[in-house]
Amino acid sequence: MKNILAVCLGNICRSPAAEGILKSMVFEAGKGHEFFIDSAGLLDYHKGKLPDHRMRKSASDRGYELNSLSRPVVAEDFKRFDYILAMDKVVFQELQKMASSEEEQQKIHMMSDYLSEFDYDEIPDPYYGIKKDFELVLDLLEDSCAVFLGKINK
Ligand code: 4NP
């Protein structure tokens, strides 16, 4: 079993999209039973809420139904998950601070490190953006999630 946690700031835009895309990819590959995939945020402002309606719409148009509820990252996540995927540099740095050992720190990776078709060093926060910003997030996540799963499945 591989346990994967996607993390962004609010857990209503980027990381629930990453969760939905990763789940869809492993399911399509017939490997759903081999993975536990979840997402979380640094903030708890949106705790219990569905993803942002703009992200749900853009994702749904690509066949991803995002139904996870926002929750904050907790200390236990660093034990329970094998791979913790940070959507941007602030999230990466905060997760590094929250980790309680070097072993836990080594589980944290930048999602953008797995991009193959795009030259971005973060998954940009779309919250104050418009439709094209949400579409860009999905483009970046479809690329990086496929590369990430290819790497860890070897
Ligand atoms: P996310 O986007 O981190 O991709 O879920 C954001 C959602 C909410 C806020 C910031 C970013 N916020 O400040 O409330």
# chains A, B, ... in the order shown; residues from 1 in each chain; ligands from 1
$ residues_near_ligand --ligand "ligand 1" --cutoff "7 Å" --atoms "only C-alpha atoms and all ligand atoms" --output "list in words"
Cys8, Leu9, Gly10, Asn11, Ile12, Cys13, Arg14, Ser15, Gly41, Tyr45, Asp125, Pro126 and Tyr127 of chain A
$ write_last_selection --atoms "all heavy atoms" --output "short mmCIF file (atom, residue, chain, number, x, y, z; two decimals), in the first residue's frame"
data_model
loop_
_atom_site.label_atom_id
_atom_site.label_comp_id
_atom_site.auth_asym_id
_atom_site.auth_seq_id
_atom_site.Cartn_x
_atom_site.Cartn_y
_atom_site.Cartn_z
N CYS A 8 -1.93 21.78 0.07
CA CYS A 8 -1.83 23.18 -0.37
C CYS A 8 -2.18 24.07 0.81
O CYS A 8 -2.09 23.64 1.97
CB CYS A 8 -2.72 23.43 -1.59
SG CYS A 8 -4.48 23.16 -1.30
N LEU A 9 -2.58 25.30 0.54
CA LEU A 9 -2.86 26.24 1.62
C LEU A 9 -4.25 26.00 2.21
O LEU A 9 -4.41 25.77 3.41
CB LEU A 9 -2.72 27.66 1.07
CG LEU A 9 -2.58 28.80 2.03
CD1 LEU A 9 -1.43 28.56 3.00
CD2 LEU A 9 -2.33 30.10 1.25
N GLY A 10 -5.27 26.06 1.37
CA GLY A 10 -6.65 26.01 1.87
C GLY A 10 -7.31 24.64 1.80
O GLY A 10 -8.36 24.43 2.39
N ASN A 11 -6.70 23.73 1.04
CA ASN A 11 -7.29 22.40 0.76
C ASN A 11 -8.69 22.53 0.13
O ASN A 11 -9.57 21.73 0.38
CB ASN A 11 -7.33 21.52 2.02
CG ASN A 11 -7.68 20.05 1.76
OD1 ASN A 11 -8.30 19.40 2.59
ND2 ASN A 11 -7.29 19.51 0.63
N ILE A 12 -8.84 23.57 -0.71
CA ILE A 12 -10.10 23.68 -1.47
C ILE A 12 -9.86 23.86 -2.98
O ILE A 12 -10.81 23.78 -3.75
CB ILE A 12 -11.04 24.80 -0.96
CG1 ILE A 12 -10.31 26.14 -0.91
CG2 ILE A 12 -11.64 24.42 0.39
CD1 ILE A 12 -11.26 27.32 -0.70
N CYS A 13 -8.62 24.10 -3.39
CA CYS A 13 -8.37 24.25 -4.84
C CYS A 13 -7.35 23.22 -5.34
O CYS A 13 -7.71 22.24 -5.98
CB CYS A 13 -7.89 25.66 -5.17
SG CYS A 13 -9.08 26.96 -4.78
N ARG A 14 -6.07 23.44 -5.06
CA ARG A 14 -5.03 22.63 -5.68
C ARG A 14 -4.95 21.21 -5.15
O ARG A 14 -4.90 20.25 -5.93
CB ARG A 14 -3.66 23.33 -5.53
CG ARG A 14 -3.58 24.63 -6.31
CD ARG A 14 -2.39 25.47 -5.87
NE ARG A 14 -2.56 25.96 -4.51
CZ ARG A 14 -1.65 26.63 -3.83
NH1 ARG A 14 -0.46 26.86 -4.37
NH2 ARG A 14 -1.91 27.07 -2.61
N SER A 15 -4.88 21.05 -3.81
CA SER A 15 -4.66 19.68 -3.32
C SER A 15 -5.86 18.75 -3.50
O SER A 15 -5.67 17.57 -3.80
CB SER A 15 -4.14 19.67 -1.87
OG SER A 15 -5.04 20.24 -0.97
N GLY A 41 -4.73 20.83 4.01
CA GLY A 41 -4.24 22.20 3.85
C GLY A 41 -3.50 22.68 5.08
O GLY A 41 -3.63 22.12 6.16
N TYR A 45 -9.29 27.32 7.83
CA TYR A 45 -10.42 28.25 7.56
C TYR A 45 -11.57 27.55 6.86
O TYR A 45 -12.73 27.90 7.03
CB TYR A 45 -10.02 29.37 6.59
CG TYR A 45 -8.98 30.34 7.04
CD1 TYR A 45 -8.28 31.08 6.08
CD2 TYR A 45 -8.71 30.56 8.38
CE1 TYR A 45 -7.32 31.99 6.47
CE2 TYR A 45 -7.74 31.48 8.76
CZ TYR A 45 -7.04 32.18 7.80
OH TYR A 45 -6.09 33.09 8.16
N ASP A 125 -1.17 29.29 -6.93
CA ASP A 125 -2.43 29.41 -6.20
C ASP A 125 -3.47 30.10 -7.09
O ASP A 125 -3.28 31.24 -7.49
CB ASP A 125 -2.16 30.25 -4.94
CG ASP A 125 -3.38 30.36 -4.05
OD1 ASP A 125 -4.49 29.98 -4.47
OD2 ASP A 125 -3.22 30.86 -2.92
N PRO A 126 -4.58 29.43 -7.41
CA PRO A 126 -5.58 30.03 -8.31
C PRO A 126 -6.68 30.79 -7.58
O PRO A 126 -7.57 31.34 -8.22
CB PRO A 126 -6.19 28.78 -8.97
CG PRO A 126 -6.20 27.78 -7.85
CD PRO A 126 -4.95 28.05 -7.03
N TYR A 127 -6.65 30.82 -6.24
CA TYR A 127 -7.80 31.27 -5.44
C TYR A 127 -8.28 32.67 -5.83
O TYR A 127 -9.47 32.92 -5.90
CB TYR A 127 -7.45 31.21 -3.96
CG TYR A 127 -8.62 31.40 -3.03
CD1 TYR A 127 -9.70 30.52 -3.04
CD2 TYR A 127 -8.64 32.45 -2.12
CE1 TYR A 127 -10.77 30.69 -2.18
CE2 TYR A 127 -9.70 32.62 -1.24
CZ TYR A 127 -10.76 31.74 -1.27
OH TYR A 127 -11.81 31.91 -0.41
#
$ residues_around --residues "Ser58 (chain A)" --least-positions-apart "5" --cutoff "12 Å" --atoms "only C-alpha atoms" --output "PyMOL selection string"
chain A and resi 13-14+17+51-53+63-66+126+130-139
$ closest_residue --among "A:His46, A:Arg71, A:Lys89, A:Lys2" --to "Glu34 (chain A)" --atoms "only C-alpha atoms"
A:Lys2
$ residues_around --residues "Ala146 (chain A)" --least-positions-apart "4" --cutoff "8 Å" --atoms "only C-alpha atoms" --output "ChimeraX atom specification"
/A:22,25,142,150
$ closest_residue --among "A:Asp88, A:Arg62, A:Glu28, A:Ile4" --to "Phe148 (chain A)" --atoms "only C-alpha atoms"
A:Ile4
$ closest_residue --among "A:Ala29, A:Leu140, A:Val74, A:Leu43" --to "Met87 (chain A)" --atoms "only C-alpha atoms"
A:Leu140
$ closest_residue --among "A:Ser24, A:Asn67, A:Gln106, A:Ser144" --to "Phe81 (chain A)" --atoms "only C-alpha atoms"
A:Gln106
$ residues_around --residues "Glu104 (chain A)" --least-positions-apart "4" --cutoff "7 Å" --atoms "only C-alpha atoms" --output "list in words"
Phe78, Ala99 and Ser100 of chain A
$ residues_around --residues "Lys107 (chain A)" --least-positions-apart "5" --cutoff "9 Å" --atoms "only C-alpha atoms" --output "list in words"
Phe78, Phe81, Asp82, Tyr83, Ile84, Leu85 and Glu102 of chain A
$ atom_distance --atom1 "CA of Arg54 (chain A)" --atom2 "CA of Pro16 (chain A)"
12.3 Å
$ atom_distance --atom1 "CA of Lys47 (chain A)" --atom2 "CA of Ser70 (chain A)"
4.7 Å
$ select_by_dssp --residues "chain A" --states "strand (DSSP E)" --output "list in words"
Lys2, Asn3, Ile4, Leu5, Ala6, Val7, Cys8, Phe35, Phe36, Ile37, Asp38, Ser39, Ala40, Gly41, Tyr83, Ile84, Leu85, Ala86, Ile108, His109 and Met110 of chain A
$ write_last_selection --atoms "all heavy atoms" --output "short mmCIF file (atom, residue, chain, number, x, y, z; two decimals), in the first residue's frame"
data_model
loop_
_atom_site.label_atom_id
_atom_site.label_comp_id
_atom_site.auth_asym_id
_atom_site.auth_seq_id
_atom_site.Cartn_x
_atom_site.Cartn_y
_atom_site.Cartn_z
N LYS A 2 0.58 2.15 -0.94
CA LYS A 2 1.30 3.42 -0.96
C LYS A 2 0.34 4.52 -0.51
O LYS A 2 -0.78 4.62 -1.02
CB LYS A 2 1.82 3.72 -2.37
CG LYS A 2 2.86 2.71 -2.84
CD LYS A 2 3.45 3.13 -4.18
CE LYS A 2 4.56 2.19 -4.62
NZ LYS A 2 4.03 0.97 -5.29
N ASN A 3 0.80 5.32 0.44
CA ASN A 3 -0.04 6.36 1.05
C ASN A 3 0.46 7.73 0.61
O ASN A 3 1.61 8.08 0.89
CB ASN A 3 0.01 6.23 2.57
CG ASN A 3 -0.49 4.87 3.02
OD1 ASN A 3 -1.66 4.55 2.88
ND2 ASN A 3 0.42 4.05 3.52
N ILE A 4 -0.40 8.47 -0.07
CA ILE A 4 0.00 9.75 -0.68
C ILE A 4 -0.90 10.87 -0.18
O ILE A 4 -2.13 10.76 -0.23
CB ILE A 4 -0.13 9.67 -2.22
CG1 ILE A 4 0.70 8.50 -2.77
CG2 ILE A 4 0.32 10.99 -2.86
CD1 ILE A 4 0.37 8.17 -4.23
N LEU A 5 -0.29 11.96 0.28
CA LEU A 5 -1.05 13.13 0.74
C LEU A 5 -0.65 14.35 -0.08
O LEU A 5 0.54 14.70 -0.14
CB LEU A 5 -0.75 13.40 2.23
CG LEU A 5 -1.53 14.57 2.84
CD1 LEU A 5 -3.02 14.23 2.97
CD2 LEU A 5 -0.96 14.94 4.22
N ALA A 6 -1.62 15.00 -0.72
CA ALA A 6 -1.38 16.26 -1.44
C ALA A 6 -1.72 17.41 -0.49
O ALA A 6 -2.74 17.36 0.20
CB ALA A 6 -2.26 16.33 -2.68
N VAL A 7 -0.86 18.44 -0.46
CA VAL A 7 -1.07 19.54 0.49
C VAL A 7 -0.94 20.90 -0.20
O VAL A 7 0.02 21.15 -0.94
CB VAL A 7 -0.07 19.47 1.67
CG1 VAL A 7 -0.35 20.58 2.69
CG2 VAL A 7 -0.11 18.11 2.35
N CYS A 8 -1.93 21.78 0.07
CA CYS A 8 -1.83 23.18 -0.37
C CYS A 8 -2.18 24.07 0.81
O CYS A 8 -2.09 23.64 1.97
CB CYS A 8 -2.72 23.43 -1.59
SG CYS A 8 -4.48 23.16 -1.30
N PHE A 35 -3.36 1.94 -3.38
CA PHE A 35 -3.07 3.31 -2.93
C PHE A 35 -4.10 3.82 -1.93
O PHE A 35 -5.29 3.54 -2.05
CB PHE A 35 -3.09 4.26 -4.14
CG PHE A 35 -1.94 4.05 -5.08
CD1 PHE A 35 -2.01 3.08 -6.07
CD2 PHE A 35 -0.79 4.82 -4.97
CE1 PHE A 35 -0.94 2.87 -6.94
CE2 PHE A 35 0.27 4.62 -5.84
CZ PHE A 35 0.19 3.65 -6.83
N PHE A 36 -3.60 4.62 -0.97
CA PHE A 36 -4.49 5.45 -0.16
C PHE A 36 -4.08 6.90 -0.46
O PHE A 36 -2.92 7.27 -0.25
CB PHE A 36 -4.35 5.15 1.33
CG PHE A 36 -5.22 6.04 2.17
CD1 PHE A 36 -6.61 5.93 2.12
CD2 PHE A 36 -4.66 7.04 2.97
CE1 PHE A 36 -7.43 6.78 2.86
CE2 PHE A 36 -5.48 7.89 3.72
CZ PHE A 36 -6.85 7.75 3.66
N ILE A 37 -5.02 7.66 -1.00
CA ILE A 37 -4.72 9.02 -1.45
C ILE A 37 -5.65 10.01 -0.75
O ILE A 37 -6.87 9.79 -0.68
CB ILE A 37 -4.89 9.12 -2.99
CG1 ILE A 37 -3.91 8.16 -3.68
CG2 ILE A 37 -4.69 10.55 -3.47
CD1 ILE A 37 -4.20 7.91 -5.15
N ASP A 38 -5.07 11.08 -0.22
CA ASP A 38 -5.85 12.07 0.54
C ASP A 38 -5.25 13.45 0.28
O ASP A 38 -4.21 13.58 -0.39
CB ASP A 38 -5.76 11.70 2.04
CG ASP A 38 -6.78 12.40 2.90
OD1 ASP A 38 -7.72 13.04 2.37
OD2 ASP A 38 -6.64 12.33 4.14
N SER A 39 -5.91 14.49 0.79
CA SER A 39 -5.33 15.84 0.69
C SER A 39 -5.65 16.60 1.97
O SER A 39 -6.54 16.23 2.73
CB SER A 39 -5.88 16.58 -0.54
OG SER A 39 -7.26 16.82 -0.41
N ALA A 40 -4.88 17.68 2.18
CA ALA A 40 -5.03 18.50 3.38
C ALA A 40 -4.47 19.88 3.09
O ALA A 40 -3.84 20.10 2.05
CB ALA A 40 -4.29 17.86 4.56
N GLY A 41 -4.73 20.83 4.01
CA GLY A 41 -4.24 22.20 3.85
C GLY A 41 -3.50 22.68 5.08
O GLY A 41 -3.63 22.12 6.16
N TYR A 83 4.35 9.62 1.00
CA TYR A 83 4.69 10.73 0.10
C TYR A 83 3.78 11.90 0.43
O TYR A 83 2.55 11.75 0.44
CB TYR A 83 4.47 10.35 -1.36
CG TYR A 83 5.29 9.16 -1.80
CD1 TYR A 83 4.76 7.88 -1.74
CD2 TYR A 83 6.59 9.33 -2.28
CE1 TYR A 83 5.52 6.78 -2.14
CE2 TYR A 83 7.35 8.25 -2.69
CZ TYR A 83 6.80 6.98 -2.61
OH TYR A 83 7.53 5.89 -3.01
N ILE A 84 4.38 13.06 0.70
CA ILE A 84 3.62 14.27 0.99
C ILE A 84 4.00 15.29 -0.08
O ILE A 84 5.16 15.68 -0.20
CB ILE A 84 3.93 14.78 2.42
CG1 ILE A 84 3.56 13.69 3.45
CG2 ILE A 84 3.19 16.09 2.71
CD1 ILE A 84 3.91 14.03 4.89
N LEU A 85 3.00 15.64 -0.91
CA LEU A 85 3.27 16.46 -2.10
C LEU A 85 2.84 17.90 -1.86
O LEU A 85 1.64 18.18 -1.74
CB LEU A 85 2.51 15.86 -3.29
CG LEU A 85 2.92 14.42 -3.64
CD1 LEU A 85 1.94 13.81 -4.64
CD2 LEU A 85 4.34 14.39 -4.19
N ALA A 86 3.80 18.81 -1.79
CA ALA A 86 3.53 20.22 -1.52
C ALA A 86 3.29 20.96 -2.83
O ALA A 86 4.04 20.80 -3.80
CB ALA A 86 4.71 20.85 -0.80
N ILE A 108 8.52 14.71 2.14
CA ILE A 108 7.91 15.91 1.54
C ILE A 108 8.60 16.23 0.21
O ILE A 108 9.83 16.32 0.15
CB ILE A 108 8.03 17.11 2.51
CG1 ILE A 108 7.49 16.74 3.90
CG2 ILE A 108 7.28 18.32 1.94
CD1 ILE A 108 7.92 17.71 5.00
N HIS A 109 7.79 16.39 -0.83
CA HIS A 109 8.31 16.67 -2.17
C HIS A 109 7.52 17.83 -2.77
O HIS A 109 6.35 18.02 -2.46
CB HIS A 109 8.15 15.46 -3.08
CG HIS A 109 8.76 14.21 -2.52
ND1 HIS A 109 10.06 13.85 -2.75
CD2 HIS A 109 8.23 13.27 -1.71
CE1 HIS A 109 10.32 12.72 -2.11
NE2 HIS A 109 9.23 12.34 -1.46
N MET A 110 8.16 18.56 -3.70
CA MET A 110 7.45 19.59 -4.46
C MET A 110 6.72 18.91 -5.62
O MET A 110 7.36 18.23 -6.44
CB MET A 110 8.44 20.61 -5.03
CG MET A 110 8.94 21.61 -4.02
SD MET A 110 7.67 22.78 -3.47
CE MET A 110 7.60 23.90 -4.90
#
$ decode --residues "region 141-152 of chain A" --atoms "all heavy atoms" --output "mmCIF file, in the first residue's frame"
data_model
loop_
_atom_site.group_PDB
_atom_site.id
_atom_site.type_symbol
_atom_site.label_atom_id
_atom_site.label_comp_id
_atom_site.auth_asym_id
_atom_site.auth_seq_id
_atom_site.Cartn_x
_atom_site.Cartn_y
_atom_site.Cartn_z
ATOM 1 N N LEU A 141 -1.196 19.691 -12.915
ATOM 2 C CA LEU A 141 -1.398 18.496 -12.076
ATOM 3 C C LEU A 141 -1.534 17.229 -12.916
ATOM 4 O O LEU A 141 -1.035 16.174 -12.522
ATOM 5 C CB LEU A 141 -2.612 18.683 -11.161
ATOM 6 C CG LEU A 141 -2.414 19.698 -10.033
ATOM 7 C CD1 LEU A 141 -3.720 19.898 -9.265
ATOM 8 C CD2 LEU A 141 -1.303 19.263 -9.066
ATOM 9 N N GLU A 142 -2.186 17.313 -14.068
ATOM 10 C CA GLU A 142 -2.297 16.112 -14.910
ATOM 11 C C GLU A 142 -0.912 15.647 -15.350
ATOM 12 O O GLU A 142 -0.626 14.444 -15.376
ATOM 13 C CB GLU A 142 -3.192 16.386 -16.126
ATOM 14 C CG GLU A 142 -4.664 16.454 -15.728
ATOM 15 C CD GLU A 142 -5.608 16.729 -16.883
ATOM 16 O OE1 GLU A 142 -5.200 17.418 -17.836
ATOM 17 O OE2 GLU A 142 -6.753 16.279 -16.817
ATOM 18 N N ASP A 143 -0.047 16.593 -15.661
ATOM 19 C CA ASP A 143 1.328 16.252 -16.055
ATOM 20 C C ASP A 143 2.096 15.686 -14.854
ATOM 21 O O ASP A 143 2.609 14.559 -14.891
ATOM 22 C CB ASP A 143 1.994 17.529 -16.595
ATOM 23 C CG ASP A 143 3.433 17.319 -17.029
ATOM 24 O OD1 ASP A 143 3.862 16.166 -17.229
ATOM 25 O OD2 ASP A 143 4.160 18.332 -17.179
ATOM 26 N N SER A 144 2.155 16.438 -13.763
ATOM 27 C CA SER A 144 3.009 16.044 -12.631
ATOM 28 C C SER A 144 2.497 14.793 -11.928
ATOM 29 O O SER A 144 3.301 13.958 -11.481
ATOM 30 C CB SER A 144 3.150 17.202 -11.640
ATOM 31 O OG SER A 144 1.894 17.681 -11.234
ATOM 32 N N CYS A 145 1.197 14.612 -11.827
ATOM 33 C CA CYS A 145 0.669 13.410 -11.161
ATOM 34 C C CYS A 145 1.023 12.157 -11.961
ATOM 35 O O CYS A 145 1.387 11.125 -11.381
ATOM 36 C CB CYS A 145 -0.846 13.512 -10.963
ATOM 37 S SG CYS A 145 -1.320 14.712 -9.709
ATOM 38 N N ALA A 146 0.933 12.241 -13.285
ATOM 39 C CA ALA A 146 1.282 11.079 -14.122
ATOM 40 C C ALA A 146 2.761 10.734 -13.963
ATOM 41 O O ALA A 146 3.127 9.557 -13.815
ATOM 42 C CB ALA A 146 0.951 11.377 -15.583
ATOM 43 N N VAL A 147 3.618 11.746 -13.966
ATOM 44 C CA VAL A 147 5.063 11.500 -13.820
ATOM 45 C C VAL A 147 5.360 10.934 -12.428
ATOM 46 O O VAL A 147 6.105 9.957 -12.282
ATOM 47 C CB VAL A 147 5.863 12.798 -14.073
ATOM 48 C CG1 VAL A 147 7.342 12.599 -13.730
ATOM 49 C CG2 VAL A 147 5.696 13.245 -15.524
ATOM 50 N N PHE A 148 4.751 11.525 -11.411
ATOM 51 C CA PHE A 148 4.968 11.050 -10.032
ATOM 52 C C PHE A 148 4.571 9.575 -9.896
ATOM 53 O O PHE A 148 5.349 8.758 -9.377
ATOM 54 C CB PHE A 148 4.161 11.919 -9.054
ATOM 55 C CG PHE A 148 4.116 11.358 -7.668
ATOM 56 C CD1 PHE A 148 5.239 11.397 -6.849
ATOM 57 C CD2 PHE A 148 2.951 10.750 -7.188
ATOM 58 C CE1 PHE A 148 5.204 10.833 -5.581
ATOM 59 C CE2 PHE A 148 2.912 10.201 -5.924
ATOM 60 C CZ PHE A 148 4.038 10.244 -5.120
ATOM 61 N N LEU A 149 3.381 9.224 -10.385
ATOM 62 C CA LEU A 149 2.928 7.823 -10.261
ATOM 63 C C LEU A 149 3.841 6.886 -11.054
ATOM 64 O O LEU A 149 4.141 5.784 -10.595
ATOM 65 C CB LEU A 149 1.479 7.690 -10.723
ATOM 66 C CG LEU A 149 0.447 8.314 -9.783
ATOM 67 C CD1 LEU A 149 -0.933 8.282 -10.420
ATOM 68 C CD2 LEU A 149 0.416 7.603 -8.425
ATOM 69 N N GLY A 150 4.316 7.350 -12.203
ATOM 70 C CA GLY A 150 5.259 6.547 -12.987
ATOM 71 C C GLY A 150 6.529 6.279 -12.204
ATOM 72 O O GLY A 150 7.049 5.162 -12.189
ATOM 73 N N LYS A 151 7.016 7.289 -11.488
ATOM 74 C CA LYS A 151 8.263 7.131 -10.712
ATOM 75 C C LYS A 151 8.073 6.181 -9.544
ATOM 76 O O LYS A 151 8.921 5.326 -9.292
ATOM 77 C CB LYS A 151 8.730 8.497 -10.185
ATOM 78 C CG LYS A 151 9.264 9.367 -11.288
ATOM 79 C CD LYS A 151 10.433 10.233 -10.840
ATOM 80 C CE LYS A 151 11.159 10.734 -12.092
ATOM 81 N NZ LYS A 151 11.430 12.143 -12.075
ATOM 82 N N ILE A 152 6.988 6.331 -8.809
ATOM 83 C CA ILE A 152 6.861 5.505 -7.591
ATOM 84 C C ILE A 152 6.368 4.094 -7.893
ATOM 85 O O ILE A 152 6.457 3.219 -7.053
ATOM 86 C CB ILE A 152 5.987 6.162 -6.500
ATOM 87 C CG1 ILE A 152 4.520 6.208 -6.910
ATOM 88 C CG2 ILE A 152 6.514 7.534 -6.139
ATOM 89 C CD1 ILE A 152 3.612 6.523 -5.735
#
